[in-house]
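Participant: Handing you a structure now.
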Amino acid sequence: MGMKASKEANLMEIGIYTFGERTVDPETGQLISPEERYRRLLEEIELADQVGLDVFGVGEHHRPDYVVSAPAVLLAAAAARTKRIRLTSAVNVLSSDDPVRVFQQFATLDLISQGRAEIMVGRGSFIESFPLFGYDLKDYDELFEEKLELLLQLRESERITWKGKHRPPIDNRGVYPRPLQNPLPVWVAVGGTPESAIRAGMLGLPMALAIIGGLPERFAPFAQLHRRAAQQAGHPVPALSINSHGFLADTSQDAMNTAFPAFKTVMDRLGQERGWSPMTWEQFEFSCSLRGADFVGSPQQVIEKILFQHEIFGHQRFLLQLTVGTLPHKKVLRAIELLGTVVAPAVKKALANNQSENQSNAASPS
């Protein structure tokens with residue numbers, strides 16, 4: 001039994017990520033305190049662990065509408081309250097951080113959680129951290145490349161000698177503590193540039209592809225570029241995660257009615273910053289359909305959609321951003337329960353069945 005379960009789990013890990021949104025609650029019209037948001041967030045992670053989800057991620061932001069600016073601290077609190085769920089950043093904005101500190105924080109998290117920590121690094125979709133920590137936006141790409149190279153070296157060896165352009169050199173220094181996992185998993189999160197997918201592949205690193213709008217099949221080339229670059233560089237094919245917005249309820253109507261006001265608040269605010277027009281119900285409705293980008297609906301709809309996208313991407317992990325905007329806490333907990341107890345087992349079973357069918361077809365003489 002244990003063997004079969006772990007084999008199924010390896011076909012696809014299913015989890016949740018959040019930025020710890022703190023926006024006005026559509027039900028009460030009130031803005032909750034940061035303290036209350038953290039209390040709810042820890043409860044969400046604890047429940048995700050109890051219902052058997054594989055991964056929980058939290059993203060780093062430096063804005064009033066998100067409470068998580070220090071992912072490792074929050075995840076360490078979660079580590080003490082959970083038993084098996086993997087705990088990851090989603091993402092660390094590596095460009096404006098010090099890779100030595102990031103490595104130390106997540107090595108510490110790894111030891112506290114007994115080997116459940118992961119680092120997901122990215123350039124970050126917001127830029128507040130650059131002026132805050134004294135970096136120049138014109139160095140956006142260079143900072144990320146240089147710091148990722150340093151982070152990977154830190155994970156390779158206990159003592160390090162390193163020299164770069166954006167950080168003082170390190171001369172044969174030890175970096176402690178060392179994590180329990182060797183190597184400590186590092187994922188690269190990619191939004192929409194082919195170069196990022198190729199770089200992740202060349203480094204042999206697993207990639208998280210964020211699909212939060214448009215038609216998902218448009219992103220298939222990124223997965224192909226990632227795999228091809230890894231193979232050309234002589235690496236085994238690294239894992240792929242699809243990260244998307246979504247929300248679940250017992251019925252699709254309840255899921256959509258609950259999620260729409262919160263989604264609209266967040267997406268319209270981003271739209272003002274980035275030049276999109278306000279979200280309409282019709283756009284939202286399409287995004288929730290089988291070929292849209294959002295996973296909002298009943299458990300059955302979400303199962304179908306994950307399997308539909310698996311045909312496109314063949315990915316090994318699916319992470320759902322469950323709180324796009326503030327949602328009623330009880331409904332969020334119900335969504336986590338449905339994802340863990342209904343969706344994840346059904347998806348894993350379907351993929352395991354497909355795999356055994358493919359294997360028996362391959363074994364039978366034509």
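Residues are named by chain letter and number: chains run A, B, ... in the order of the structure tokens, numbers start at 1 in each chain, and ligands are numbered from 1 in the order shown.
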Determine which residues of region 85-330 of chain A receive a DSSP assignment of strand (DSSP E), computed from the backbone, and state them as a ChimeraX atom specification.
Facilitator: /A:86-89,92-93,117-122,159-162,170-174,186-190,207-210,240-248,295-297,317-321
Participant: Can you pull out the residues contacting region 208-217 of chain A? Cut-off 7 Å, using only C-alpha atoms, and skip same-chain residues under 2 positions away; I want them as a PyMOL selection string.
Facilitator: chain A and resi 187-191+206+219-220+240-245+291-294+312
Participant: Just the number, please: distance in Å from CA of Leu143 (chain A) to CA of Arg22 (chain A), one decimal.
Facilitator: 29.3 Å
Participant: Which residues of region 30-138 of chain A come within 12 Å of region 333-350 of chain A, and what is each one's closest atom pair and distance in Å (one decimal), counting only C-alpha atoms, sorted by chain and residue number, as JSON lines?
Facilitator:
{"residue": "A:Arg40", "atom": "CA", "partner": "A:Leu333", "partner_atom": "CA", "distance": 9.3}
{"residue": "A:Leu41", "atom": "CA", "partner": "A:Leu333", "partner_atom": "CA", "distance": 10.1}
{"residue": "A:Leu42", "atom": "CA", "partner": "A:Leu333", "partner_atom": "CA", "distance": 11.3}
{"residue": "A:Glu43", "atom": "CA", "partner": "A:Leu333", "partner_atom": "CA", "distance": 8.4}
{"residue": "A:Glu44", "atom": "CA", "partner": "A:Leu333", "partner_atom": "CA", "distance": 6.4}
{"residue": "A:Ile45", "atom": "CA", "partner": "A:Ile336", "partner_atom": "CA", "distance": 9.1}
{"residue": "A:Glu46", "atom": "CA", "partner": "A:Leu333", "partner_atom": "CA", "distance": 10.2}
{"residue": "A:Leu47", "atom": "CA", "partner": "A:Ile336", "partner_atom": "CA", "distance": 7.2}
{"residue": "A:Ala48", "atom": "CA", "partner": "A:Ile336", "partner_atom": "CA", "distance": 6.1}
{"residue": "A:Asp49", "atom": "CA", "partner": "A:Gly340", "partner_atom": "CA", "distance": 8.7}
{"residue": "A:Gln50", "atom": "CA", "partner": "A:Gly340", "partner_atom": "CA", "distance": 8.6}
{"residue": "A:Val51", "atom": "CA", "partner": "A:Gly340", "partner_atom": "CA", "distance": 5.0}
{"residue": "A:Gly52", "atom": "CA", "partner": "A:Gly340", "partner_atom": "CA", "distance": 5.6}
{"residue": "A:Leu53", "atom": "CA", "partner": "A:Gly340", "partner_atom": "CA", "distance": 5.3}
{"residue": "A:Asp54", "atom": "CA", "partner": "A:Gly340", "partner_atom": "CA", "distance": 8.8}
{"residue": "A:Val55", "atom": "CA", "partner": "A:Gly340", "partner_atom": "CA", "distance": 10.8}
{"residue": "A:Phe56", "atom": "CA", "partner": "A:Ile336", "partner_atom": "CA", "distance": 11.0}
{"residue": "A:Ile85", "atom": "CA", "partner": "A:Gly340", "partner_atom": "CA", "distance": 11.5}
Participant: Can you work out which one of A:Val302, A:Ala90, A:Met256, A:Met202 has the shortest atom-to-atom distance to Gly59 (chain A), counting only C-alpha atoms?
Facilitator: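 Among the listed residues, the smallest separation from Gly59 (chain A) belongs to A:Ala90.
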Participant: Given only C-alpha atoms as the basis, pick out the residue of A:Pro261, A:Gly192, A:Gly314, A:Gly297 nearest to Gly122 (chain A).
Facilitator: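 Between A:Pro261, A:Gly192, A:Gly314, A:Gly297, the residue approaching Gly122 (chain A) most closely is A:Gly192.
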Participant: Report, in Å with one decimal, the straight-line distance from CA of Ser96 (chain A) to CA of Phe130 (chain A).
Facilitator: 5.7 Å
Participant: Grab the CA of Met267 (chain A) to CA of Thr23 (chain A) distance for me, in Å with one decimal place.
Facilitator: 12.2 Å
Participant: Excluding Pro278 (chain A) and its own-chain neighbours fewer than 3 positions away, which residues fall within 12 Å of it when counting only C-alpha atoms? Please give them as a ChimeraX atom specification.
Facilitator: /A:261,263-275,281-284
Participant: Using C-alpha atoms, can you export the residues from the last selection as a PDB file, in the first residue's frame?
Facilitator:
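The file below, again.pdb, is the result:
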ATOM      1  CA  PRO A 261     -15.596  40.052  -6.185  1.00  0.00           C
ATOM      2  CA  PHE A 263     -10.579  38.310  -7.944  1.00  0.00           C
ATOM      3  CA  LYS A 264     -11.965  41.474  -9.543  1.00  0.00           C
ATOM      4  CA  THR A 265     -10.636  43.683  -6.712  1.00  0.00           C
ATOM      5  CA  VAL A 266      -7.118  42.268  -7.084  1.00  0.00           C
ATOM      6  CA  MET A 267      -6.985  42.051 -10.883  1.00  0.00           C
ATOM      7  CA  ASP A 268      -8.461  45.550 -11.351  1.00  0.00           C
ATOM      8  CA  ARG A 269      -5.905  47.021  -8.961  1.00  0.00           C
ATOM      9  CA  LEU A 270      -3.100  45.286 -10.870  1.00  0.00           C
ATOM     10  CA  GLY A 271      -4.752  46.450 -14.088  1.00  0.00           C
ATOM     11  CA  GLN A 272      -4.528  50.077 -12.966  1.00  0.00           C
ATOM     12  CA  GLU A 273      -0.783  49.608 -12.378  1.00  0.00           C
ATOM     13  CA  ARG A 274      -0.181  47.704 -15.614  1.00  0.00           C
ATOM     14  CA  GLY A 275      -2.692  49.115 -18.056  1.00  0.00           C
ATOM     15  CA  TRP A 281     -18.049  38.775 -15.356  1.00  0.00           C
ATOM     16  CA  GLU A 282     -17.885  37.373 -18.925  1.00  0.00           C
ATOM     17  CA  GLN A 283     -14.066  37.367 -18.883  1.00  0.00           C
ATOM     18  CA  PHE A 284     -14.096  35.719 -15.472  1.00  0.00           C
TER      19      PHE A 284
END
Participant: Arg159 (chain A): which residues within 6 Å, counting only C-alpha atoms, same-chain residues fewer than 6 positions away excluded, as a count of residues only?
Facilitator: 3
Participant: Tell me, as a ChimeraX atom specification, which residues lie within 6 Å of Ser69 (chain A), counting only C-alpha atoms; anything in the same chain fewer than 5 positions away does not count.
Facilitator: /A:60-62
Participant: Could you dump the residues just selected with all heavy atoms as a short mmCIF file (atom, residue, chain, number, x, y, z; two decimals), in the first residue's frame?
Facilitator:
data_model
loop_
_atom_site.label_atom_id
_atom_site.label_comp_id
_atom_site.auth_asym_id
_atom_site.auth_seq_id
_atom_site.Cartn_x
_atom_site.Cartn_y
_atom_site.Cartn_z
N GLU A 60 6.83 36.35 -1.31
CA GLU A 60 7.39 37.54 -0.66
C GLU A 60 6.93 38.81 -1.38
O GLU A 60 7.11 38.95 -2.59
CB GLU A 60 8.93 37.45 -0.72
CG GLU A 60 9.64 38.72 -0.27
CD GLU A 60 11.12 38.76 -0.68
OE1 GLU A 60 11.67 37.73 -1.12
OE2 GLU A 60 11.72 39.84 -0.57
N HIS A 61 6.34 39.74 -0.61
CA HIS A 61 5.98 41.05 -1.16
C HIS A 61 6.30 42.13 -0.13
O HIS A 61 6.43 41.83 1.06
CB HIS A 61 4.48 41.11 -1.51
CG HIS A 61 4.12 40.25 -2.67
ND1 HIS A 61 3.83 38.92 -2.53
CD2 HIS A 61 4.02 40.52 -3.99
CE1 HIS A 61 3.57 38.40 -3.73
NE2 HIS A 61 3.68 39.35 -4.63
N HIS A 62 6.36 43.36 -0.59
CA HIS A 62 6.68 44.48 0.29
C HIS A 62 5.67 45.59 0.04
O HIS A 62 6.02 46.70 -0.32
CB HIS A 62 8.13 44.94 0.05
CG HIS A 62 9.12 43.83 0.25
ND1 HIS A 62 9.69 43.55 1.48
CD2 HIS A 62 9.60 42.89 -0.59
CE1 HIS A 62 10.50 42.50 1.36
NE2 HIS A 62 10.45 42.08 0.11
#
Participant: As an MDAnalysis selection string, please: the residues near region 74-79 of chain A (cut-off 6 Å, only C-alpha atoms, same-chain neighbours under 2 positions excluded).
Facilitator: chainID A and resid 71:72 81:82 109 113
Participant: Can you write out the residues you just picked, keeping all heavy atoms, as a compact mmCIF listing (two decimals), in the first residue's frame?
Facilitator:
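As written to disk, result-v2.txt reads:
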# COMPACT_ATOMS: atom_id res chain seq x y z
N PRO A 71 9.09 35.12 4.04
CA PRO A 71 8.52 33.77 3.89
C PRO A 71 9.10 32.73 4.86
O PRO A 71 8.36 31.94 5.43
CB PRO A 71 8.85 33.39 2.44
CG PRO A 71 9.06 34.68 1.74
CD PRO A 71 9.60 35.64 2.75
N ALA A 72 10.43 32.74 5.06
CA ALA A 72 11.04 31.69 5.88
C ALA A 72 10.54 31.73 7.33
O ALA A 72 10.40 30.69 7.97
CB ALA A 72 12.57 31.82 5.85
N ARG A 81 3.86 23.30 13.21
CA ARG A 81 2.44 22.90 13.36
C ARG A 81 2.03 21.85 12.32
O ARG A 81 0.85 21.53 12.21
CB ARG A 81 1.55 24.14 13.19
CG ARG A 81 1.81 25.17 14.28
CD ARG A 81 1.18 26.51 13.97
NE ARG A 81 -0.28 26.46 13.88
CZ ARG A 81 -1.07 27.48 14.20
NH1 ARG A 81 -0.56 28.61 14.63
NH2 ARG A 81 -2.36 27.38 14.09
N THR A 82 2.97 21.37 11.51
CA THR A 82 2.62 20.42 10.45
C THR A 82 3.56 19.21 10.52
O THR A 82 4.60 19.26 11.17
CB THR A 82 2.75 21.08 9.06
OG1 THR A 82 4.07 21.66 8.94
CG2 THR A 82 1.71 22.16 8.84
N LEU A 109 15.02 26.27 8.15
CA LEU A 109 13.66 25.75 7.97
C LEU A 109 13.70 24.25 7.67
O LEU A 109 12.87 23.48 8.18
CB LEU A 109 12.96 26.50 6.83
CG LEU A 109 11.60 25.96 6.38
CD1 LEU A 109 10.56 26.08 7.49
CD2 LEU A 109 11.12 26.68 5.12
N SER A 113 11.87 21.54 10.01
CA SER A 113 10.77 20.76 9.41
C SER A 113 11.17 19.31 9.12
O SER A 113 10.39 18.56 8.55
CB SER A 113 10.31 21.42 8.12
OG SER A 113 11.35 21.37 7.15
Participant: Which one of A:Asn353, A:Thr251, A:Ser95, A:Asn361 sits closest to Glu145 (chain A) if you count only C-alpha atoms?
Facilitator: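 So, comparing all the options, the nearest one is A:Ser95.
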Participant: Please provide as an NGL selection string all residues within 12 Å of Gln104 (chain A), with the sequence filter that same-chain residues fewer than 5 positions apart are discarded (counting only C-alpha atoms).
Facilitator: :A and (72-73 or 98-99 or 109-111 or 117 or 119 or 151 or 154-155 or 158 or 174-179 or 184)
Participant: Those same residues - N, CA and C atoms - I'd like them written as a PDB file, in the first residue's frame.
Facilitator:
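And here's part14.pdb as it stands now:
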ATOM      1  N   ALA A  72      10.426  32.740   5.059  1.00  0.00           N
ATOM      2  CA  ALA A  72      11.044  31.694   5.884  1.00  0.00           C
ATOM      3  C   ALA A  72      10.542  31.731   7.332  1.00  0.00           C
ATOM      4  N   VAL A  73      10.265  32.927   7.840  1.00  0.00           N
ATOM      5  CA  VAL A  73       9.803  33.056   9.232  1.00  0.00           C
ATOM      6  C   VAL A  73       8.415  32.426   9.374  1.00  0.00           C
ATOM      7  N   ASP A  98      19.976  38.710  -0.129  1.00  0.00           N
ATOM      8  CA  ASP A  98      21.330  38.165  -0.078  1.00  0.00           C
ATOM      9  C   ASP A  98      21.228  36.642  -0.118  1.00  0.00           C
ATOM     10  N   PRO A  99      21.762  35.999  -1.161  1.00  0.00           N
ATOM     11  CA  PRO A  99      21.657  34.547  -1.281  1.00  0.00           C
ATOM     12  C   PRO A  99      22.187  33.788  -0.058  1.00  0.00           C
ATOM     13  N   LEU A 109      15.020  26.273   8.153  1.00  0.00           N
ATOM     14  CA  LEU A 109      13.657  25.753   7.967  1.00  0.00           C
ATOM     15  C   LEU A 109      13.698  24.254   7.674  1.00  0.00           C
ATOM     16  N   ASP A 110      14.655  23.837   6.880  1.00  0.00           N
ATOM     17  CA  ASP A 110      14.777  22.418   6.519  1.00  0.00           C
ATOM     18  C   ASP A 110      15.035  21.564   7.760  1.00  0.00           C
ATOM     19  N   LEU A 111      15.881  22.065   8.644  1.00  0.00           N
ATOM     20  CA  LEU A 111      16.204  21.323   9.876  1.00  0.00           C
ATOM     21  C   LEU A 111      15.006  21.298  10.820  1.00  0.00           C
ATOM     22  N   ALA A 117      11.773  21.603   3.460  1.00  0.00           N
ATOM     23  CA  ALA A 117      11.896  22.969   2.921  1.00  0.00           C
ATOM     24  C   ALA A 117      12.261  22.980   1.448  1.00  0.00           C
ATOM     25  N   ILE A 119      13.120  26.152  -1.772  1.00  0.00           N
ATOM     26  CA  ILE A 119      13.222  27.570  -2.138  1.00  0.00           C
ATOM     27  C   ILE A 119      12.715  27.706  -3.572  1.00  0.00           C
ATOM     28  N   LEU A 151      23.617  31.294  -5.045  1.00  0.00           N
ATOM     29  CA  LEU A 151      22.763  30.404  -4.255  1.00  0.00           C
ATOM     30  C   LEU A 151      23.060  28.932  -4.568  1.00  0.00           C
ATOM     31  N   LEU A 154      26.298  27.888  -2.991  1.00  0.00           N
ATOM     32  CA  LEU A 154      26.143  27.709  -1.538  1.00  0.00           C
ATOM     33  C   LEU A 154      25.561  26.337  -1.221  1.00  0.00           C
ATOM     34  N   ARG A 155      24.682  25.884  -2.092  1.00  0.00           N
ATOM     35  CA  ARG A 155      24.043  24.596  -1.839  1.00  0.00           C
ATOM     36  C   ARG A 155      25.003  23.450  -2.158  1.00  0.00           C
ATOM     37  N   GLU A 158      30.048  23.557   1.480  1.00  0.00           N
ATOM     38  CA  GLU A 158      30.011  24.183   2.801  1.00  0.00           C
ATOM     39  C   GLU A 158      30.884  25.437   2.854  1.00  0.00           C
ATOM     40  N   GLY A 174      32.874  29.427   5.494  1.00  0.00           N
ATOM     41  CA  GLY A 174      31.868  28.380   5.679  1.00  0.00           C
ATOM     42  C   GLY A 174      30.499  29.004   5.850  1.00  0.00           C
ATOM     43  N   VAL A 175      29.460  28.340   5.335  1.00  0.00           N
ATOM     44  CA  VAL A 175      28.084  28.847   5.469  1.00  0.00           C
ATOM     45  C   VAL A 175      27.261  27.793   6.207  1.00  0.00           C
ATOM     46  N   TYR A 176      26.688  28.195   7.344  1.00  0.00           N
ATOM     47  CA  TYR A 176      25.992  27.251   8.232  1.00  0.00           C
ATOM     48  C   TYR A 176      24.644  27.823   8.658  1.00  0.00           C
ATOM     49  N   PRO A 177      23.693  26.925   9.063  1.00  0.00           N
ATOM     50  CA  PRO A 177      23.815  25.465   9.119  1.00  0.00           C
ATOM     51  C   PRO A 177      23.643  24.845   7.731  1.00  0.00           C
ATOM     52  N   ARG A 178      24.030  23.585   7.601  1.00  0.00           N
ATOM     53  CA  ARG A 178      23.772  22.854   6.361  1.00  0.00           C
ATOM     54  C   ARG A 178      22.395  22.201   6.478  1.00  0.00           C
ATOM     55  N   PRO A 179      21.645  22.161   5.380  1.00  0.00           N
ATOM     56  CA  PRO A 179      20.290  21.584   5.447  1.00  0.00           C
ATOM     57  C   PRO A 179      20.320  20.067   5.591  1.00  0.00           C
ATOM     58  N   LEU A 184      19.385  20.940  -1.133  1.00  0.00           N
ATOM     59  CA  LEU A 184      18.142  21.630  -0.779  1.00  0.00           C
ATOM     60  C   LEU A 184      17.438  22.005  -2.089  1.00  0.00           C
TER      61      LEU A 184
END
Participant: My list of candidates is A:Lys147, A:Arg86, A:His235, A:Arg37. Which is closest to Arg101 (chain A) when distances are computed with only C-alpha atoms?
Facilitator: A:Lys147
Participant: May I ask which of the residues A:Leu150, A:Ala262, A:Ala80, A:Leu132 is the closest one to Leu94 (chain A), counting only C-alpha atoms?
Facilitator: A:Leu150
